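Text of entry-v8.cif (mmCIF, C-alpha atoms and all ligand atoms) as supplied:
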data_data
loop_
_atom_site.label_atom_id
_atom_site.label_comp_id
_atom_site.auth_asym_id
_atom_site.auth_seq_id
_atom_site.Cartn_x
_atom_site.Cartn_y
_atom_site.Cartn_z
CA MET Y 1123 -71.96 69.79 -89.69
CA ASN Y 1124 -75.09 70.70 -87.80
CA ILE Y 1125 -74.97 74.49 -87.48
CA LEU Y 1126 -77.33 76.66 -85.46
CA ILE Y 1127 -77.72 80.35 -86.37
CA VAL Y 1128 -79.36 82.61 -83.79
CA LEU Y 1129 -80.51 86.00 -85.06
CA ALA Y 1130 -81.67 88.86 -82.84
CA HIS Y 1131 -82.98 91.87 -84.78
CA PRO Y 1132 -86.60 93.03 -85.02
CA LYS Y 1133 -86.51 94.38 -88.61
CA PRO Y 1134 -86.68 91.84 -91.46
CA ALA Y 1135 -85.06 94.42 -93.80
CA SER Y 1136 -82.09 94.96 -91.49
CA PHE Y 1137 -78.50 94.32 -92.42
CA ASN Y 1138 -78.44 91.76 -89.60
CA HIS Y 1139 -81.11 89.74 -91.42
CA ALA Y 1140 -79.08 90.00 -94.61
CA ILE Y 1141 -76.02 88.62 -92.78
CA ALA Y 1142 -77.96 85.72 -91.27
CA THR Y 1143 -79.61 84.64 -94.51
CA CYS Y 1144 -76.43 85.07 -96.56
CA VAL Y 1145 -74.43 82.98 -94.08
CA ARG Y 1146 -77.18 80.35 -93.92
CA ASP Y 1147 -77.28 80.08 -97.73
CA ALA Y 1148 -73.48 79.80 -97.98
CA LEU Y 1149 -73.37 77.05 -95.35
CA LEU Y 1150 -76.24 75.15 -97.00
CA ALA Y 1151 -74.42 75.39 -100.33
CA ALA Y 1152 -71.33 73.97 -98.60
CA GLY Y 1153 -73.36 70.93 -97.57
CA HIS Y 1154 -74.05 71.73 -93.92
CA GLN Y 1155 -77.28 71.18 -92.07
CA VAL Y 1156 -78.34 74.66 -90.95
CA THR Y 1157 -81.09 75.91 -88.66
CA LEU Y 1158 -81.77 79.65 -88.48
CA ARG Y 1159 -83.70 80.80 -85.42
CA ASP Y 1160 -85.01 84.36 -85.77
CA LEU Y 1161 -85.79 85.18 -82.13
CA CYS Y 1162 -87.88 88.29 -82.84
CA ALA Y 1163 -89.92 86.65 -85.61
CA GLU Y 1164 -90.74 83.68 -83.42
CA GLY Y 1165 -91.50 85.91 -80.43
CA PHE Y 1166 -88.98 84.35 -78.08
CA ASP Y 1167 -89.90 85.33 -74.52
CA ALA Y 1168 -86.85 86.94 -72.90
CA ASN Y 1169 -88.36 86.99 -69.43
CA PHE Y 1170 -86.80 84.52 -66.99
CA SER Y 1171 -89.65 84.29 -64.49
CA ALA Y 1172 -89.48 83.49 -60.77
CA ASP Y 1173 -91.55 80.39 -61.47
CA GLU Y 1174 -89.15 79.10 -64.12
CA LEU Y 1175 -86.15 79.86 -61.92
CA ALA Y 1176 -87.76 77.94 -59.06
CA ARG Y 1177 -88.45 74.91 -61.26
CA GLY Y 1178 -84.72 74.41 -61.83
CA ASN Y 1179 -84.04 71.80 -64.45
CA ILE Y 1180 -87.57 71.57 -65.85
CA ALA Y 1181 -87.56 73.97 -68.80
CA PRO Y 1182 -90.71 75.27 -70.53
CA PRO Y 1183 -91.21 73.73 -74.02
CA GLN Y 1184 -89.94 76.74 -76.01
CA VAL Y 1185 -86.79 76.94 -73.90
CA ARG Y 1186 -86.29 73.16 -73.99
CA GLU Y 1187 -86.45 73.22 -77.77
CA HIS Y 1188 -83.83 75.97 -78.03
CA ALA Y 1189 -81.61 74.33 -75.40
CA ASP Y 1190 -81.73 71.01 -77.29
CA ALA Y 1191 -80.77 72.81 -80.51
CA VAL Y 1192 -77.75 74.35 -78.77
CA LEU Y 1193 -76.70 71.03 -77.26
CA ALA Y 1194 -77.02 69.26 -80.63
CA ALA Y 1195 -75.08 71.88 -82.62
CA ASP Y 1196 -71.59 71.20 -83.93
CA GLY Y 1197 -71.24 74.93 -84.59
CA ILE Y 1198 -73.09 78.02 -83.39
CA ILE Y 1199 -73.43 81.39 -85.11
CA VAL Y 1200 -74.94 84.47 -83.49
CA VAL Y 1201 -75.94 87.59 -85.42
CA HIS Y 1202 -76.98 90.79 -83.63
CA PRO Y 1203 -76.56 94.57 -83.57
CA ASN Y 1204 -74.57 96.33 -80.86
CA TRP Y 1205 -77.19 97.96 -78.63
CA TRP Y 1206 -75.61 99.87 -75.79
CA ALA Y 1207 -72.48 97.71 -76.12
CA GLN Y 1208 -74.64 94.62 -75.50
CA PRO Y 1209 -76.84 92.19 -77.40
CA PRO Y 1210 -80.51 93.23 -77.73
CA ALA Y 1211 -82.58 92.22 -74.69
CA ILE Y 1212 -84.27 89.35 -76.53
CA LEU Y 1213 -80.90 87.69 -77.04
CA LYS Y 1214 -79.83 88.37 -73.46
CA GLY Y 1215 -83.03 86.61 -72.34
CA TRP Y 1216 -82.26 83.72 -74.69
CA LEU Y 1217 -78.82 83.34 -73.06
CA ASP Y 1218 -80.31 83.51 -69.56
CA ARG Y 1219 -82.92 80.85 -70.25
CA VAL Y 1220 -81.33 78.57 -72.83
CA LEU Y 1221 -77.73 78.14 -71.65
CA ARG Y 1222 -78.67 76.04 -68.67
CA PRO Y 1223 -76.51 74.94 -65.73
CA GLY Y 1224 -75.82 71.21 -65.90
CA GLU Y 1225 -76.27 71.31 -69.67
CA ALA Y 1226 -74.22 74.11 -71.24
CA TYR Y 1227 -71.82 74.22 -68.28
CA ARG Y 1228 -71.39 72.80 -64.81
CA PHE Y 1229 -69.36 73.55 -61.74
CA GLY Y 1230 -66.66 71.11 -60.69
CA THR Y 1231 -63.19 70.99 -59.20
CA ASN Y 1232 -59.80 71.14 -60.85
CA ASP Y 1233 -56.63 69.10 -60.11
CA LYS Y 1234 -55.90 71.31 -57.10
CA GLY Y 1235 -59.34 70.73 -55.67
CA GLU Y 1236 -60.41 74.28 -56.45
CA GLY Y 1237 -63.88 75.10 -57.72
CA CYS Y 1238 -64.05 75.70 -61.46
CA VAL Y 1239 -66.41 75.94 -64.38
CA ILE Y 1240 -66.56 73.05 -66.82
CA GLY Y 1241 -67.96 73.95 -70.24
CA GLN Y 1242 -70.23 71.25 -71.60
CA LEU Y 1243 -71.19 72.27 -75.13
CA LYS Y 1244 -70.05 69.89 -77.82
CA ALA Y 1245 -69.76 72.63 -80.46
CA LYS Y 1246 -66.12 73.06 -81.40
CA ALA Y 1247 -66.50 76.56 -82.84
CA ALA Y 1248 -68.72 79.61 -82.53
CA LEU Y 1249 -68.92 82.60 -84.80
CA VAL Y 1250 -70.39 85.94 -83.83
CA PHE Y 1251 -71.38 88.65 -86.31
CA THR Y 1252 -72.20 92.03 -84.84
CA THR Y 1253 -72.97 95.41 -86.37
CA SER Y 1254 -72.57 98.92 -84.99
CA ASN Y 1255 -72.21 102.56 -85.89
CA THR Y 1256 -69.22 103.59 -83.78
CA PRO Y 1257 -65.98 103.70 -85.79
CA ARG Y 1258 -63.62 100.86 -84.83
CA GLU Y 1259 -60.88 103.08 -83.34
CA ALA Y 1260 -63.39 104.95 -81.15
CA GLU Y 1261 -65.02 101.69 -80.01
CA LEU Y 1262 -61.66 100.33 -78.90
CA ALA Y 1263 -60.34 103.55 -77.37
CA LEU Y 1264 -63.50 104.69 -75.58
CA TYR Y 1265 -65.29 101.46 -74.67
CA GLY Y 1266 -62.84 98.57 -75.11
CA ASP Y 1267 -65.23 96.61 -77.36
CA PRO Y 1268 -67.18 94.88 -74.53
CA LEU Y 1269 -68.92 92.50 -76.96
CA ASP Y 1270 -65.63 90.79 -77.78
CA ASN Y 1271 -64.94 89.77 -74.19
CA LEU Y 1272 -68.59 88.93 -73.60
CA TRP Y 1273 -68.86 86.41 -76.43
CA LYS Y 1274 -65.36 84.98 -76.35
CA ARG Y 1275 -64.80 84.58 -72.62
CA CYS Y 1276 -68.01 85.13 -70.68
CA ILE Y 1277 -70.35 83.12 -72.89
CA TRP Y 1278 -68.97 80.64 -75.44
CA GLY Y 1279 -65.60 80.21 -73.71
CA PHE Y 1280 -67.43 79.65 -70.42
CA CYS Y 1281 -69.55 76.95 -72.07
CA GLY Y 1282 -66.46 75.15 -73.36
CA ILE Y 1283 -66.32 76.22 -76.99
CA GLU Y 1284 -62.64 76.40 -77.85
CA ARG Y 1285 -62.71 78.44 -81.02
CA VAL Y 1286 -64.73 81.66 -80.94
CA GLU Y 1287 -64.39 84.08 -83.83
CA ARG Y 1288 -66.10 87.43 -84.16
CA ARG Y 1289 -66.45 90.02 -86.87
CA ASN Y 1290 -68.03 93.42 -86.31
CA PHE Y 1291 -69.26 95.41 -89.31
CA GLU Y 1292 -69.13 99.16 -88.80
CA PRO Y 1293 -70.21 101.84 -89.27
CA VAL Y 1294 -73.42 100.50 -90.81
CA ILE Y 1295 -74.95 103.99 -90.85
CA ALA Y 1296 -72.26 105.30 -93.20
CA SER Y 1297 -71.94 102.21 -95.38
CA THR Y 1298 -72.66 102.08 -99.11
CA PRO Y 1299 -74.58 99.25 -100.82
CA ALA Y 1300 -71.27 98.12 -102.35
CA LEU Y 1301 -69.55 97.97 -98.97
CA ARG Y 1302 -72.46 96.01 -97.48
CA GLU Y 1303 -72.22 93.53 -100.38
CA GLN Y 1304 -68.53 93.13 -99.58
CA TRP Y 1305 -69.34 92.61 -95.89
CA LEU Y 1306 -71.87 89.90 -96.78
CA ALA Y 1307 -69.27 88.14 -98.93
CA ASP Y 1308 -66.79 88.42 -96.02
CA ALA Y 1309 -69.33 86.93 -93.60
CA ALA Y 1310 -70.11 84.02 -95.93
CA LEU Y 1311 -66.42 83.28 -96.45
CA MET Y 1312 -65.70 83.46 -92.74
CA ALA Y 1313 -68.55 81.05 -91.96
CA THR Y 1314 -67.56 78.51 -94.59
CA THR Y 1315 -63.91 78.75 -93.48
CA VAL Y 1316 -64.56 78.36 -89.75
CA PHE Y 1317 -66.99 75.50 -90.45
CA ALA Y 1318 -64.97 73.80 -93.19
C1 LIG G 1 -81.22 100.75 -78.87
C2 LIG G 1 -79.99 100.97 -79.71
C3 LIG G 1 -78.76 101.05 -79.10
C4 LIG G 1 -77.60 101.20 -79.87
N1 LIG G 1 -76.38 101.26 -79.25
C5 LIG G 1 -75.25 101.34 -80.01
C6 LIG G 1 -73.97 101.32 -79.39
O1 LIG G 1 -73.82 101.22 -78.17
N2 LIG G 1 -72.88 101.42 -80.19
C7 LIG G 1 -72.98 101.52 -81.56
O2 LIG G 1 -71.96 101.59 -82.23
N3 LIG G 1 -74.19 101.53 -82.16
C8 LIG G 1 -75.32 101.45 -81.42
N4 LIG G 1 -76.55 101.42 -82.03
C9 LIG G 1 -76.60 101.40 -83.51
C10 LIG G 1 -76.81 99.98 -84.04
O3 LIG G 1 -75.74 99.15 -83.66
C11 LIG G 1 -76.95 100.00 -85.56
O4 LIG G 1 -78.13 100.71 -85.86
C12 LIG G 1 -77.03 98.62 -86.15
O5 LIG G 1 -75.88 97.89 -85.89
C13 LIG G 1 -77.22 98.72 -87.67
O6 LIG G 1 -77.52 97.44 -88.21
P1 LIG G 1 -78.99 97.14 -88.79
O7 LIG G 1 -79.14 97.99 -90.03
O8 LIG G 1 -79.01 95.69 -89.10
O9 LIG G 1 -79.95 97.56 -87.73
C14 LIG G 1 -77.70 101.30 -81.29
C15 LIG G 1 -78.97 101.24 -81.89
C16 LIG G 1 -80.10 101.08 -81.13
C17 LIG G 1 -81.45 101.00 -81.80
#

Please lay out the structure from this file as structure tokens.
Amino acid sequence: MNILIVLAHPKPASFNHAIATCVRDALLAAGHQVTLRDLCAEGFDANFSADELARGNIAPPQVREHADAVLAADGIIVVHPNWWAQPPAILKGWLDRVLRPGEAYRFGTNDKGEGCVIGQLKAKAALVFTTSNTPREAELALYGDPLDNLWKRCIWGFCGIERVERRNFEPVIASTPALREQWLADAALMATTVFA
């Protein structure tokens, strides 16, 4: 399968980078074609300008290249830390600019003639790895885990991807090297299982 990994974390020594490279290596070993896009390293511009918005379906080259990679992918993996219950701004900008109307999704009508969204991505599955410091029970009780709804319904579900799996690793701040090794093994297994 052709699998796209999108990573959003500024520090090369971060656990997020370790997840992305470990998952990439496991998928390559399983025979997949894998592309890892490190948004911070490549300096992806998160700003959706008035000019770009006005130009509608003519995307700047960097955006076009990312959009084509998304459209060509059989599977998509996103790796990012939880920052204020959201993806880092660079990834939010990537979503704004790269998941384009008419390409990733379109608006149509259903059998009853009502307006509806029609997801257009050909990828059959998406996998999201996130990291955070809030203990799981507190995240669920206090905040309701907003990232889960965001990725499963608002983003990949919206764009027509039927299977969306997510794993959050927490609390990174209190984790031991041994636990992080276990998490990396879990991430690799999850990726090779979802994209079998
Ligand atoms: C700007 C910022 C906002 C953050 N917001 C949250 C948050 O809302 N919830 C949480 O559990 N952790 C939050 N964190 C902690 C990060 O999620 C944590 O440092 C990261 O997941 C650890 O992975 P890393 O070692 O790869 O950076 C935040 C960290 C930063 C820098």

message: For a test of reading the model, state the distance in Å between CA of His1188 in chain Y and CA of Asn1169 in chain Y, rounded to one decimal.
response: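 Taking CA of His1188 in chain Y as the start and CA of Asn1169 in chain Y as the end point, the length is 14.7 Å.
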
task: Considering only C-alpha atoms and all ligand atoms, state which residue in the set Y:Asn1271, Y:Thr1157, Y:Thr1314, Y:Asn1204 is at the smallest distance from ligand LIG 1 (chain G).
output: Y:Asn1204

field: Near-ligand residues for ligand LIG 1 (chain G), threshold 6 Å, all atoms listed in the file, as an MDAnalysis selection string
entry: chainID Y and resid 1136:1138 1203:1207 1253:1256 1294

- line: Of Y:Ile1141, Y:Gly1279, Y:Ala1313, Y:Gly1165, the one sitting nearest Ile1125 in chain Y when using only C-alpha atoms is Y:Ala1313

message: Which residue is closest to His1202 in chain Y? Choose from Y:Arg1302, Y:Lys1234, Y:Lys1246, Y:Lys1214 and count all atoms listed in the file.
response: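 Nearest to His1202 in chain Y: Y:Lys1214.
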
message: Under the rule that only C-alpha atoms are counted, which of Y:Asn1290, Y:His1139, Y:Gly1282, Y:Asp1196 is the nearest residue to Asp1267 in chain Y?
response: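 Nearest candidate to Asp1267 in chain Y out of Y:Asn1290, Y:His1139, Y:Gly1282, Y:Asp1196: Y:Asn1290.
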